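Colleague: coords.tsv (TSV, C-alpha atoms) pasted underneath:
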```tsv
chain	number	residue	atom	x	y	z
A	1186	MET	CA	45.60	-63.30	3.80
A	1187	TYR	CA	44.48	-61.47	6.91
A	1188	GLN	CA	46.13	-62.54	10.17
A	1189	THR	CA	44.10	-63.11	13.34
A	1190	SER	CA	44.82	-64.22	16.88
A	1191	GLU	CA	45.44	-67.93	17.38
A	1192	LEU	CA	42.13	-68.38	19.22
A	1193	VAL	CA	40.12	-66.81	16.40
A	1194	ALA	CA	42.09	-68.75	13.77
A	1195	GLN	CA	41.28	-72.03	15.53
A	1196	ARG	CA	37.58	-71.19	15.75
A	1197	ILE	CA	37.43	-70.15	12.07
A	1198	GLU	CA	38.47	-73.68	11.11
A	1199	SER	CA	36.02	-75.29	13.52
A	1200	TYR	CA	32.42	-76.34	12.90
A	1201	CYS	CA	31.53	-74.83	16.28
A	1202	ARG	CA	31.24	-71.22	15.20
A	1203	ILE	CA	28.61	-68.51	14.86
A	1204	TRP	CA	29.35	-65.40	12.81
A	1205	ARG	CA	28.00	-61.90	13.22
A	1206	LEU	CA	28.31	-58.84	10.99
A	1207	TRP	CA	29.25	-55.45	12.43
A	1208	VAL	CA	28.32	-52.33	10.47
A	1209	GLU	CA	29.79	-49.09	11.80
A	1210	GLY	CA	29.21	-45.64	10.34
A	1211	VAL	CA	32.07	-43.19	10.10
A	1212	GLU	CA	30.26	-41.06	12.70
A	1213	GLY	CA	30.29	-43.95	15.18
A	1214	GLU	CA	26.80	-45.45	14.86
A	1215	VAL	CA	26.82	-49.25	15.10
A	1216	ILE	CA	24.53	-51.99	13.81
A	1217	MET	CA	25.46	-55.47	15.00
A	1218	GLY	CA	24.31	-58.89	16.15
A	1219	ASP	CA	20.82	-60.19	15.41
A	1220	ARG	CA	19.78	-56.99	13.63
A	1221	ILE	CA	21.77	-58.15	10.57
A	1222	THR	CA	20.07	-61.26	9.23
A	1223	SER	CA	21.98	-62.08	6.03
A	1224	GLY	CA	24.50	-60.82	3.53
A	1225	THR	CA	26.35	-61.72	0.34
A	1226	SER	CA	29.54	-60.29	-1.14
A	1227	THR	CA	31.39	-60.19	-4.44
A	1228	SER	CA	35.09	-59.57	-4.95
A	1229	GLN	CA	37.30	-60.25	-7.96
A	1230	SER	CA	40.66	-59.52	-9.56
A	1231	THR	CA	39.49	-59.79	-13.16
A	1232	SER	CA	36.78	-57.95	-15.07
A	1233	ILE	CA	36.42	-60.71	-17.67
A	1234	SER	CA	34.74	-64.00	-16.96
A	1235	ASP	CA	37.14	-66.52	-18.45
A	1236	ASP	CA	40.72	-65.41	-17.92
A	1237	ILE	CA	43.24	-63.88	-15.56
A	1238	GLU	CA	43.73	-60.22	-16.43
A	1239	LEU	CA	46.54	-57.72	-16.13
A	1240	GLY	CA	45.50	-54.27	-14.92
A	1241	ALA	CA	41.97	-55.18	-13.82
A	1242	ILE	CA	40.43	-52.57	-11.49
A	1243	CYS	CA	37.44	-54.17	-9.77
A	1244	SER	CA	35.14	-52.80	-7.08
A	1245	GLN	CA	33.85	-55.00	-4.26
A	1246	SER	CA	30.38	-54.99	-2.75
A	1247	TRP	CA	28.12	-56.40	-0.03
A	1248	ASN	CA	24.33	-56.85	-0.11
A	1249	ILE	CA	22.98	-56.95	3.44
A	1250	ASN	CA	19.52	-57.37	5.02
A	1251	ILE	CA	19.07	-55.36	8.22
A	1252	ASN	CA	16.17	-55.28	10.68
A	1253	ASP	CA	16.02	-51.49	10.60
A	1254	VAL	CA	13.62	-49.10	8.87
A	1255	ASP	CA	14.60	-45.85	10.60
A	1256	THR	CA	18.28	-45.45	9.64
A	1257	LYS	CA	18.99	-43.52	6.43
A	1258	PHE	CA	21.84	-45.44	4.79
A	1259	LEU	CA	22.04	-44.10	1.24
A	1260	GLY	CA	25.23	-42.18	0.42
A	1261	LYS	CA	26.85	-42.76	3.82
A	1262	GLU	CA	30.12	-44.57	4.49
A	1263	TYR	CA	30.41	-47.63	6.69
A	1264	ASP	CA	33.15	-49.93	7.94
A	1265	LEU	CA	32.12	-53.59	7.72
A	1266	SER	CA	33.61	-56.38	9.78
A	1267	LEU	CA	32.85	-59.94	10.83
A	1268	TYR	CA	33.30	-61.38	14.28
A	1269	LEU	CA	32.85	-64.76	15.89
A	1270	ALA	CA	30.22	-64.83	18.61
A	1271	ASP	CA	31.39	-66.13	21.96
A	1272	LEU	CA	28.00	-66.93	23.45
A	1273	THR	CA	29.53	-67.81	26.81
A	1274	GLY	CA	31.24	-64.43	27.09
A	1275	VAL	CA	30.30	-61.76	29.62
A	1276	THR	CA	30.91	-58.05	29.45
A	1277	THR	CA	33.78	-56.98	31.71
A	1278	TYR	CA	35.92	-53.87	32.05
A	1279	SER	CA	38.64	-55.63	30.07
A	1280	THR	CA	36.10	-56.31	27.30
A	1281	LEU	CA	35.09	-52.65	27.20
A	1282	GLU	CA	38.72	-51.54	26.90
A	1283	ALA	CA	38.65	-52.71	23.28
A	1284	TYR	CA	36.14	-50.01	22.40
A	1285	THR	CA	36.48	-46.25	22.26
A	1286	TYR	CA	34.16	-43.93	24.12
A	1287	ALA	CA	32.71	-42.73	20.80
A	1288	GLU	CA	31.73	-46.28	19.90
A	1289	LEU	CA	30.18	-47.00	23.27
A	1290	SER	CA	28.14	-43.80	23.24
A	1291	LYS	CA	26.32	-45.02	20.12
A	1292	LEU	CA	25.42	-48.46	21.51
A	1293	THR	CA	22.19	-49.40	23.22
A	1294	VAL	CA	22.19	-51.06	26.65
A	1295	GLU	CA	21.41	-54.37	24.95
A	1296	GLN	CA	24.31	-53.96	22.51
A	1297	VAL	CA	26.74	-53.12	25.32
A	1298	SER	CA	25.65	-56.26	27.15
A	1299	LYS	CA	26.51	-58.29	24.05
A	1300	LEU	CA	30.05	-56.96	23.62
A	1301	GLY	CA	31.31	-59.97	25.52
A	1302	GLU	CA	30.10	-62.09	22.62
A	1303	VAL	CA	32.95	-60.89	20.38
A	1304	LEU	CA	35.39	-63.78	20.56
A	1305	ASP	CA	38.76	-62.57	21.84
A	1306	GLY	CA	37.49	-59.00	21.31
A	1307	GLU	CA	38.56	-59.31	17.64
A	1308	ARG	CA	36.66	-58.15	14.60
A	1309	ILE	CA	37.91	-59.06	11.10
A	1310	PRO	CA	37.72	-55.97	8.86
A	1311	LEU	CA	36.03	-56.44	5.48
A	1312	GLY	CA	36.49	-52.94	4.12
A	1313	ARG	CA	35.07	-49.43	3.98
A	1314	PHE	CA	32.01	-49.06	1.79
A	1315	THR	CA	29.48	-46.50	0.61
A	1316	CYS	CA	25.78	-47.33	0.57
A	1317	VAL	CA	24.74	-47.08	-3.10
A	1318	LYS	CA	21.28	-48.70	-2.83
A	1319	SER	CA	18.71	-48.93	-0.05
A	1320	LYS	CA	15.28	-50.57	-0.22
A	1321	LYS	CA	12.88	-50.80	2.72
A	1322	SER	CA	10.13	-53.39	3.06
A	1323	GLY	CA	8.16	-54.01	6.23
A	1324	GLY	CA	10.63	-53.98	9.10
A	1325	ASN	CA	13.58	-54.81	6.89
A	1326	THR	CA	16.06	-52.77	4.84
A	1327	GLU	CA	18.10	-54.26	2.02
A	1328	VAL	CA	21.25	-52.25	1.41
A	1329	THR	CA	24.05	-52.49	-1.13
A	1330	PHE	CA	27.48	-51.34	-0.01
A	1331	ALA	CA	30.23	-50.77	-2.59
A	1332	ASP	CA	33.80	-49.53	-2.27
A	1333	ARG	CA	34.86	-46.22	-3.83
A	1334	LEU	CA	36.01	-47.84	-7.10
A	1335	TYR	CA	32.28	-48.12	-7.82
A	1336	PHE	CA	32.49	-44.45	-8.80
A	1337	SER	CA	35.61	-44.77	-10.98
A	1338	ASP	CA	33.82	-45.00	-14.34
A	1339	LYS	CA	33.62	-41.22	-14.56
A	1340	THR	CA	35.85	-39.45	-17.08
A	1341	TYR	CA	39.20	-38.58	-15.54
A	1342	VAL	CA	39.90	-34.84	-15.39
A	1343	PRO	CA	43.41	-34.44	-13.94
A	1344	LYS	CA	43.93	-32.01	-11.10
A	1345	VAL	CA	47.70	-32.36	-11.44
A	1346	LYS	CA	49.73	-30.52	-14.03
A	1347	LEU	CA	50.84	-32.69	-16.94
A	1348	PRO	CA	53.31	-34.11	-17.70
A	1349	ALA	CA	53.35	-35.88	-14.34
A	1350	TRP	CA	54.75	-39.08	-12.89
A	1351	SER	CA	52.36	-42.03	-12.75
A	1352	LYS	CA	52.43	-41.93	-8.94
A	1353	ALA	CA	51.16	-38.34	-8.99
A	1354	VAL	CA	48.33	-39.34	-11.35
A	1355	GLU	CA	47.47	-42.36	-9.19
A	1356	ASP	CA	47.46	-40.14	-6.09
A	1357	ASP	CA	45.21	-37.64	-7.88
A	1358	ILE	CA	42.66	-40.27	-8.89
A	1359	CYS	CA	42.61	-41.76	-5.39
A	1360	LYS	CA	42.03	-38.30	-3.92
A	1361	GLN	CA	39.15	-37.64	-6.32
A	1362	LEU	CA	37.58	-40.99	-5.39
A	1363	GLY	CA	38.03	-40.41	-1.66
A	1364	LEU	CA	40.63	-43.16	-1.30
A	1365	GLN	CA	44.05	-43.33	0.29
A	1366	ASN	CA	46.76	-44.55	-2.08
A	1367	GLY	CA	48.22	-47.54	-0.27
A	1368	ASN	CA	50.89	-48.32	-2.87
A	1369	ASP	CA	54.47	-47.84	-1.69
A	1370	TYR	CA	56.70	-46.69	-4.53
A	1371	THR	CA	59.79	-46.89	-2.32
A	1372	ILE	CA	59.77	-50.68	-1.91
A	1373	PRO	CA	62.13	-52.29	-4.45
A	1374	ALA	CA	60.80	-55.18	-6.49
A	1375	LYS	CA	62.91	-58.37	-6.50
A	1376	LEU	CA	63.46	-59.57	-10.06
A	1377	ARG	CA	62.91	-63.14	-11.24
A	1378	VAL	CA	63.44	-64.93	-14.52
A	1379	LYS	CA	60.28	-65.99	-16.32
A	1380	GLY	CA	60.42	-69.48	-14.81
A	1381	GLY	CA	60.20	-67.99	-11.34
A	1382	ALA	CA	63.84	-68.40	-10.26
A	1383	ARG	CA	65.50	-65.50	-8.48
A	1384	LEU	CA	67.65	-63.21	-10.60
A	1385	TYR	CA	71.20	-62.49	-9.39
A	1386	GLY	CA	73.91	-60.16	-10.61
A	1387	LYS	CA	77.66	-59.97	-10.14
A	1388	GLY	CA	78.80	-61.22	-6.75
A	1389	HIS	CA	75.58	-63.23	-6.35
A	1390	ILE	CA	73.69	-60.09	-5.34
A	1391	ARG	CA	69.89	-60.33	-5.65
A	1392	LEU	CA	68.78	-57.94	-8.41
A	1393	LYS	CA	66.09	-55.46	-7.47
A	1394	THR	CA	64.41	-52.54	-9.13
A	1395	ALA	CA	62.28	-49.72	-7.81
A	1396	ASN	CA	58.62	-49.80	-8.76
A	1397	PHE	CA	58.50	-48.28	-12.22
A	1398	ASP	CA	57.22	-44.73	-11.97
A	1399	PHE	CA	56.82	-43.44	-15.51
A	1400	LYS	CA	55.93	-40.08	-17.04
A	1401	ILE	CA	52.39	-39.41	-18.28
A	1402	SER	CA	52.31	-36.53	-20.76
A	1403	SER	CA	48.65	-36.59	-21.76
A	1404	ILE	CA	45.38	-38.37	-21.07
A	1405	PRO	CA	43.54	-40.03	-23.99
A	1406	LYS	CA	40.14	-38.47	-24.67
A	1407	ASP	CA	37.21	-39.82	-22.61
A	1408	THR	CA	39.51	-42.00	-20.48
A	1409	THR	CA	37.87	-42.94	-17.19
A	1410	MET	CA	39.52	-43.04	-13.78
A	1411	ARG	CA	39.20	-46.82	-13.83
A	1412	GLN	CA	41.04	-47.00	-17.17
A	1413	MET	CA	43.87	-44.74	-15.95
A	1414	LEU	CA	44.32	-46.86	-12.82
A	1415	SER	CA	44.33	-49.91	-15.09
A	1416	TYR	CA	47.12	-48.48	-17.27
A	1417	ILE	CA	49.27	-47.78	-14.21
A	1418	ALA	CA	48.54	-51.20	-12.66
A	1419	SER	CA	49.24	-53.15	-15.86
A	1420	ALA	CA	52.55	-51.30	-16.28
A	1421	GLN	CA	53.48	-52.68	-12.86
A	1422	GLY	CA	52.33	-56.20	-13.77
A	1423	GLU	CA	49.49	-56.06	-11.25
A	1424	PHE	CA	45.76	-55.53	-10.72
A	1425	GLY	CA	44.12	-53.00	-8.39
A	1426	PHE	CA	41.47	-53.12	-5.67
A	1427	VAL	CA	40.47	-51.51	-2.37
A	1428	ASP	CA	41.80	-53.37	0.66
A	1429	ARG	CA	40.23	-54.04	4.07
A	1430	TYR	CA	41.24	-50.59	5.34
A	1431	GLY	CA	39.81	-48.54	2.47
A	1432	ARG	CA	43.15	-48.08	0.69
A	1433	TYR	CA	43.68	-48.50	-3.03
A	1434	VAL	CA	46.38	-51.14	-3.53
A	1435	ARG	CA	47.90	-53.22	-6.34
A	1436	LYS	CA	49.14	-56.79	-6.24
A	1437	TRP	CA	49.88	-59.91	-8.28
A	1438	TYR	CA	49.53	-63.53	-7.28
A	1439	GLY	CA	52.33	-64.83	-5.06
A	1440	SER	CA	53.07	-68.04	-3.19
A	1441	SER	CA	50.39	-70.10	-1.48
A	1442	VAL	CA	49.10	-68.73	1.83
A	1443	LYS	CA	47.20	-71.83	2.98
A	1444	ILE	CA	46.56	-75.52	2.26
A	1445	LEU	CA	42.82	-76.14	2.25
A	1446	ASP	CA	41.29	-78.60	4.71
A	1447	ASN	CA	39.39	-81.05	2.48
A	1448	ASN	CA	36.85	-81.56	5.27
A	1449	THR	CA	35.70	-77.95	4.87
A	1450	ILE	CA	35.17	-77.88	1.09
A	1451	ASP	CA	33.11	-79.63	-1.55
A	1452	LEU	CA	35.09	-81.51	-4.18
A	1453	PRO	CA	36.43	-78.77	-6.50
A	1454	THR	CA	36.05	-78.64	-10.27
A	1455	LEU	CA	39.58	-78.44	-11.73
A	1456	GLY	CA	41.02	-77.94	-15.18
A	1457	GLU	CA	42.71	-81.06	-16.57
A	1458	ARG	CA	46.03	-79.29	-17.01
A	1459	PRO	CA	47.58	-76.07	-15.71
A	1460	ASN	CA	47.46	-72.73	-17.44
A	1461	VAL	CA	50.99	-71.37	-17.98
A	1462	LEU	CA	51.79	-67.79	-19.00
A	1463	ALA	CA	54.07	-68.22	-22.01
A	1464	GLY	CA	53.81	-64.83	-23.70
A	1465	ILE	CA	52.54	-61.29	-23.40
A	1466	VAL	CA	51.17	-58.84	-25.98
A	1467	CYS	CA	50.53	-55.15	-25.31
A	1468	LYS	CA	48.81	-52.88	-27.81
A	1469	VAL	CA	50.30	-49.40	-27.34
A	1470	SER	CA	48.53	-47.81	-30.31
A	1471	ASP	CA	47.03	-48.76	-33.66
A	1472	SER	CA	50.53	-48.72	-35.13
A	1473	GLU	CA	52.54	-50.21	-32.23
A	1474	THR	CA	52.26	-53.57	-30.48
A	1475	LEU	CA	54.89	-54.97	-28.10
A	1476	ARG	CA	55.47	-58.70	-27.59
A	1477	LEU	CA	57.58	-60.86	-25.29
A	1478	GLY	CA	57.84	-64.61	-24.80
A	1479	ASN	CA	56.09	-67.14	-27.00
A	1480	THR	CA	53.04	-65.29	-28.34
A	1481	THR	CA	51.92	-67.95	-30.84
A	1482	GLY	CA	49.81	-69.73	-28.22
A	1483	SER	CA	51.57	-73.03	-28.90
A	1484	ALA	CA	53.55	-73.07	-25.63
A	1485	GLY	CA	50.90	-71.79	-23.23
A	1486	ARG	CA	48.70	-68.86	-22.40
A	1487	VAL	CA	49.23	-65.38	-23.88
A	1488	LEU	CA	48.16	-62.31	-21.90
A	1489	GLU	CA	46.87	-59.52	-24.13
A	1490	PHE	CA	46.07	-56.00	-22.97
A	1491	GLU	CA	46.20	-52.33	-24.01
A	1492	ASN	CA	48.35	-49.61	-22.47
A	1493	PRO	CA	49.25	-46.38	-24.31
A	1494	TYR	CA	52.11	-45.73	-21.85
A	1495	MET	CA	53.84	-49.09	-22.21
A	1496	THR	CA	57.50	-49.22	-23.22
A	1497	MET	CA	59.66	-52.25	-23.91
A	1498	SER	CA	61.61	-51.53	-20.71
A	1499	LEU	CA	58.41	-51.62	-18.63
A	1500	LEU	CA	57.21	-54.74	-20.43
A	1501	ARG	CA	60.48	-56.61	-19.83
A	1502	SER	CA	60.35	-55.75	-16.15
A	1503	LEU	CA	56.80	-56.95	-15.59
A	1504	TRP	CA	57.40	-60.05	-17.72
A	1505	HIS	CA	60.32	-60.99	-15.45
A	1506	ARG	CA	57.84	-60.94	-12.57
A	1507	ILE	CA	54.82	-62.74	-14.07
A	1508	GLY	CA	56.22	-64.85	-16.91
A	1509	GLY	CA	55.84	-68.59	-16.34
A	1510	PHE	CA	53.07	-68.13	-13.75
A	1511	SER	CA	50.91	-71.26	-13.69
A	1512	TRP	CA	47.56	-72.12	-12.14
A	1513	TYR	CA	44.58	-74.44	-12.48
A	1514	THR	CA	41.18	-73.22	-13.59
A	1515	THR	CA	39.07	-73.98	-10.51
A	1516	GLU	CA	35.63	-73.68	-8.97
A	1517	LEU	CA	35.08	-74.74	-5.38
A	1518	PHE	CA	32.55	-74.29	-2.60
A	1519	HIS	CA	34.10	-73.57	0.80
A	1520	ARG	CA	31.52	-74.74	3.33
A	1521	LEU	CA	33.44	-73.14	6.19
A	1522	GLY	CA	34.09	-69.81	4.50
A	1523	ASP	CA	37.27	-68.12	5.66
A	1524	PRO	CA	37.05	-64.30	5.78
A	1525	ARG	CA	40.82	-64.07	6.11
A	1526	PHE	CA	41.18	-64.81	2.39
A	1527	ASP	CA	41.75	-61.84	0.10
A	1528	VAL	CA	41.26	-61.65	-3.63
A	1529	GLY	CA	44.67	-62.33	-5.18
A	1530	ASP	CA	45.69	-64.83	-2.50
A	1531	VAL	CA	46.86	-68.25	-3.66
A	1532	ILE	CA	45.55	-71.32	-1.84
A	1533	THR	CA	46.48	-74.98	-2.31
A	1534	TYR	CA	44.21	-77.98	-2.75
A	1535	VAL	CA	45.68	-81.45	-2.22
A	1536	SER	CA	43.67	-84.32	-3.72
A	1537	GLU	CA	43.19	-87.71	-2.08
A	1538	SER	CA	45.88	-89.08	-4.41
A	1539	GLY	CA	48.34	-86.49	-3.12
A	1540	GLU	CA	48.36	-84.21	-6.16
A	1541	SER	CA	48.78	-80.52	-5.31
A	1542	TYR	CA	46.98	-77.69	-7.10
A	1543	ASP	CA	47.74	-74.00	-6.58
A	1544	ILE	CA	44.59	-71.88	-6.93
A	1545	PRO	CA	44.84	-68.09	-7.29
A	1546	ILE	CA	41.68	-66.49	-5.92
A	1547	THR	CA	40.36	-64.42	-8.82
A	1548	ASN	CA	36.77	-64.41	-7.52
A	1549	ILE	CA	35.43	-64.89	-4.01
A	1550	GLY	CA	31.89	-64.40	-2.82
A	1551	PHE	CA	30.76	-64.88	0.78
A	1552	ASN	CA	27.30	-65.92	1.94
A	1553	PHE	CA	26.45	-64.94	5.52
A	1554	ASP	CA	23.40	-66.04	7.51
A	1555	GLY	CA	24.89	-66.70	10.93
A	1556	GLY	CA	27.10	-69.25	9.23
A	1557	LEU	CA	29.61	-68.28	6.56
A	1558	SER	CA	30.35	-70.04	3.28
A	1559	ALA	CA	32.24	-68.95	0.17
A	1560	ASP	CA	32.31	-69.58	-3.55
A	1561	ILE	CA	35.91	-69.41	-4.79
A	1562	SER	CA	37.14	-69.57	-8.35
A	1563	ALA	CA	40.28	-69.22	-10.40
A	1564	VAL	CA	39.24	-68.25	-13.91
A	1565	GLY	CA	40.95	-69.60	-16.98
A	1566	LEU	CA	40.19	-71.12	-20.36
A	1567	SER	CA	38.92	-74.68	-20.52
A	1568	VAL	CA	41.10	-77.45	-21.89
A	1569	GLU	CA	39.08	-77.36	-25.13
A	1570	GLU	CA	39.65	-73.63	-25.50
A	1571	GLN	CA	43.39	-74.12	-25.05
A	1572	LEU	CA	43.68	-76.70	-27.84
```
Translate this file's structure into structure tokens.

Modeller:
Amino acid sequence: MYQTSELVAQRIESYCRIWRLWVEGVEGEVIMGDRITSGTSTSQSTSISDDIELGAICSQSWNININDVDTKFLGKEYDLSLYLADLTGVTTYSTLEAYTYAELSKLTVEQVSKLGEVLDGERIPLGRFTCVKSKKSGGNTEVTFADRLYFSDKTYVPKVKLPAWSKAVEDDICKQLGLQNGNDYTIPAKLRVKGGARLYGKGHIRLKTANFDFKISSIPKDTTMRQMLSYIASAQGEFGFVDRYGRYVRKWYGSSVKILDNNTIDLPTLGERPNVLAGIVCKVSDSETLRLGNTTGSAGRVLEFENPYMTMSLLRSLWHRIGGFSWYTTELFHRLGDPRFDVGDVITYVSESGESYDIPITNIGFNFDGGLSADISAVGLSVEEQL
């Protein structure tokens, strides 16, 4: 979950708010304010429609309508952000200090006069995107912005000498896609038992392990860059996406980041009972399949995936981290959409009867038109499908 100033956080949760989109090209050109009339976004942590997935590599996108027919958008990169309009604000020297000279030189006199409208001078970054579609009609342009994973379905041709460590392959793919690898292989992972309890060794010392960096000797024929990133992510027990700063990162669902205000959402649709990860199955090859936990389906959900580089050691490690994870299949409409939420965050809904439901955000789509709403879901099989 993205962190903002206290003033912006308070306004986000208030009905008295007006949103604006800010589109800034890497060369400094800016489109802002009333010139951007509407926009919708999609972001997810699973590539399948009905279940949480290990190793999913999903691109994010925005469709935006802009009152502009002169700018050539296609193929160019842009940083997108949202800001809250402070309509009582005035432009002062202190306001202008938040902007670089390069930014100011691209703004019109009217745009400069509106800089005071940016509440607390803070813009919430949404990500760095490439324009992949542009359609002009009348005085309007409809553009589609996608992150660099949009281009990851090309066959992977390694530029590093094999065999190589998985980090080197991940770095190579990110470089080919024009991404920075934001994954830190030096941070140790804290181990947990499958029920979620912390794992301790002799002397009550918390057990940790470095992120598993494994050797890759060869690349299967016709493997895409997306598939290779998926193999590396699933070996870590994670999924991959591009973050707000244009970096490729991996994560798994953690503890709840926020309790939802029931006054800002429609009544959610919830599964009758929680999904619980009880087992894991990895197909390594046609002749080798690895299993851990209860894989009969009788005790809970079973995650199944393919990874030609998986070993039992890797599987045990990731199972320690994700085994026993539970969540409710959920669909909810967030009337006061919160752009601080990231895919992979866990939020909590508390019913009128006091029951608490943890909801991992597997899909989130924003709808912007001066206001901001969001459709949020946590995918999972229905109760009938679990029987």

Colleague: Any idea what the distance is between CA of Asp1236 (chain A) and CA of Thr1533 (chain A)?

Modeller: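 Taking CA of Asp1236 (chain A) and CA of Thr1533 (chain A), their separation equals 19.2 Å.
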
Colleague: Need the shell around Ser1351 (chain A): protein/DNA/RNA residues with any atom at most 6 Å away, counting all atoms listed in the file. Skip same-chain ones fewer than 4 positions apart. Format as a VMD selection string?

Modeller: chain A and resid 1398 to 1400

Colleague: Name the residues, using the chain letters and numbers of the file, that sit within 6 Å of (45.0, -69.2, -11.4) when counting all atoms listed in the file, and give them as a list in words.

Modeller: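 In the file's frame, the residues around the point are Trp1512, Tyr1513, Thr1514, Ile1544, Pro1545 and Ala1563 of chain A.
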
Colleague: Can you measure CA of Val1345 (chain A) to CA of Leu1414 (chain A) for me? One decimal in Å is fine.

Modeller: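 Between CA of Val1345 (chain A) and CA of Leu1414 (chain A) the gap is 15.0 Å.
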
Colleague: Between CA of Ile1417 (chain A) and CA of Ser1246 (chain A), what distance in Å does the model show, to one decimal?

Modeller: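 That distance, rounded to one decimal, is 23.2 Å.
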
Colleague: Write out as an mmCIF file with C-alpha atoms, keeping the file's coordinate frame the residues lying within 12 Å of Gly1556 (chain A), counting all atoms listed in the file and excluding same-chain residues fewer than 6 positions away.

Modeller:
```
data_model
loop_
_atom_site.group_PDB
_atom_site.id
_atom_site.type_symbol
_atom_site.label_atom_id
_atom_site.label_comp_id
_atom_site.auth_asym_id
_atom_site.auth_seq_id
_atom_site.Cartn_x
_atom_site.Cartn_y
_atom_site.Cartn_z
ATOM 1 C CA ILE A 1197 37.430 -70.150 12.070
ATOM 2 C CA SER A 1199 36.020 -75.290 13.520
ATOM 3 C CA TYR A 1200 32.420 -76.340 12.900
ATOM 4 C CA CYS A 1201 31.530 -74.830 16.280
ATOM 5 C CA ARG A 1202 31.240 -71.220 15.200
ATOM 6 C CA ILE A 1203 28.610 -68.510 14.860
ATOM 7 C CA TRP A 1204 29.350 -65.400 12.810
ATOM 8 C CA ARG A 1205 28.000 -61.900 13.220
ATOM 9 C CA LEU A 1206 28.310 -58.840 10.990
ATOM 10 C CA THR A 1222 20.070 -61.260 9.230
ATOM 11 C CA SER A 1223 21.980 -62.080 6.030
ATOM 12 C CA GLY A 1224 24.500 -60.820 3.530
ATOM 13 C CA THR A 1225 26.350 -61.720 0.340
ATOM 14 C CA LEU A 1267 32.850 -59.940 10.830
ATOM 15 C CA TYR A 1268 33.300 -61.380 14.280
ATOM 16 C CA LEU A 1269 32.850 -64.760 15.890
ATOM 17 C CA ALA A 1270 30.220 -64.830 18.610
ATOM 18 C CA HIS A 1519 34.100 -73.570 0.800
ATOM 19 C CA ARG A 1520 31.520 -74.740 3.330
ATOM 20 C CA LEU A 1521 33.440 -73.140 6.190
ATOM 21 C CA GLY A 1522 34.090 -69.810 4.500
ATOM 22 C CA ASP A 1523 37.270 -68.120 5.660
ATOM 23 C CA PRO A 1524 37.050 -64.300 5.780
#
```

Colleague: Considering all atoms listed in the file, state which residue in the set A:Pro1493, A:Pro1453, A:Gly1485, A:Pro1459 is at the smallest distance from Glu1473 (chain A).

Modeller: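 Using all atoms listed in the file, the shortest distance to Glu1473 (chain A) belongs to A:Pro1493.
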
Colleague: Write out as a list in words the residues lying within 9 Å of region 1353-1357 of chain A, counting all atoms listed in the file and excluding same-chain residues fewer than 3 positions away.

Modeller: Pro1343, Lys1344, Val1345, Ala1349, Trp1350, Lys1360, Gln1361, Leu1362, Leu1364, Gln1365, Asn1366, Ile1401, Met1413, Leu1414 and Ile1417 of chain A

Colleague: Here is a test: counting all atoms listed in the file, which residue of A:Met1217, A:Val1303, A:Ile1358, A:Ile1549 is nearest to Thr1340 (chain A)?

Modeller: A:Ile1358

Colleague: My list of candidates is A:Glu1262, A:Asp1407, A:Arg1435, A:Thr1329. Which is closest to Thr1227 (chain A) when distances are computed with all atoms listed in the file?

Modeller: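 Looking at the shortest contact to Thr1227 (chain A), the residue is A:Thr1329.
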
Colleague: Between A:Val1535, A:Leu1259, A:Ile1249, A:Val1193, which is the closest to Leu1452 (chain A) once you count all atoms listed in the file?

Modeller: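 Among A:Val1535, A:Leu1259, A:Ile1249, A:Val1193, it is A:Val1535 that comes nearest to Leu1452 (chain A).
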
Colleague: Smallest atom-to-atom distance to Thr1189 (chain A): which of A:Phe1551, A:Phe1526, A:Tyr1438, A:Tyr1534, using only C-alpha atoms?

Modeller: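 Checking each candidate against Thr1189 (chain A), we get A:Phe1526 as the closest.
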
Colleague: Under the rule that all atoms listed in the file are counted, which of A:Val1427, A:Ile1221, A:Val1528, A:Leu1517 is the nearest residue to Gly1367 (chain A)?

Modeller: A:Val1427

Colleague: Write out as a PyMOL selection string the residues lying within 12 Å of Val1564 (chain A), counting all atoms listed in the file and excluding same-chain residues fewer than 2 positions away.

Modeller: chain A and resi 1229-1238+1454-1456+1459-1460+1512-1517+1529+1544-1549+1561-1562+1566-1567
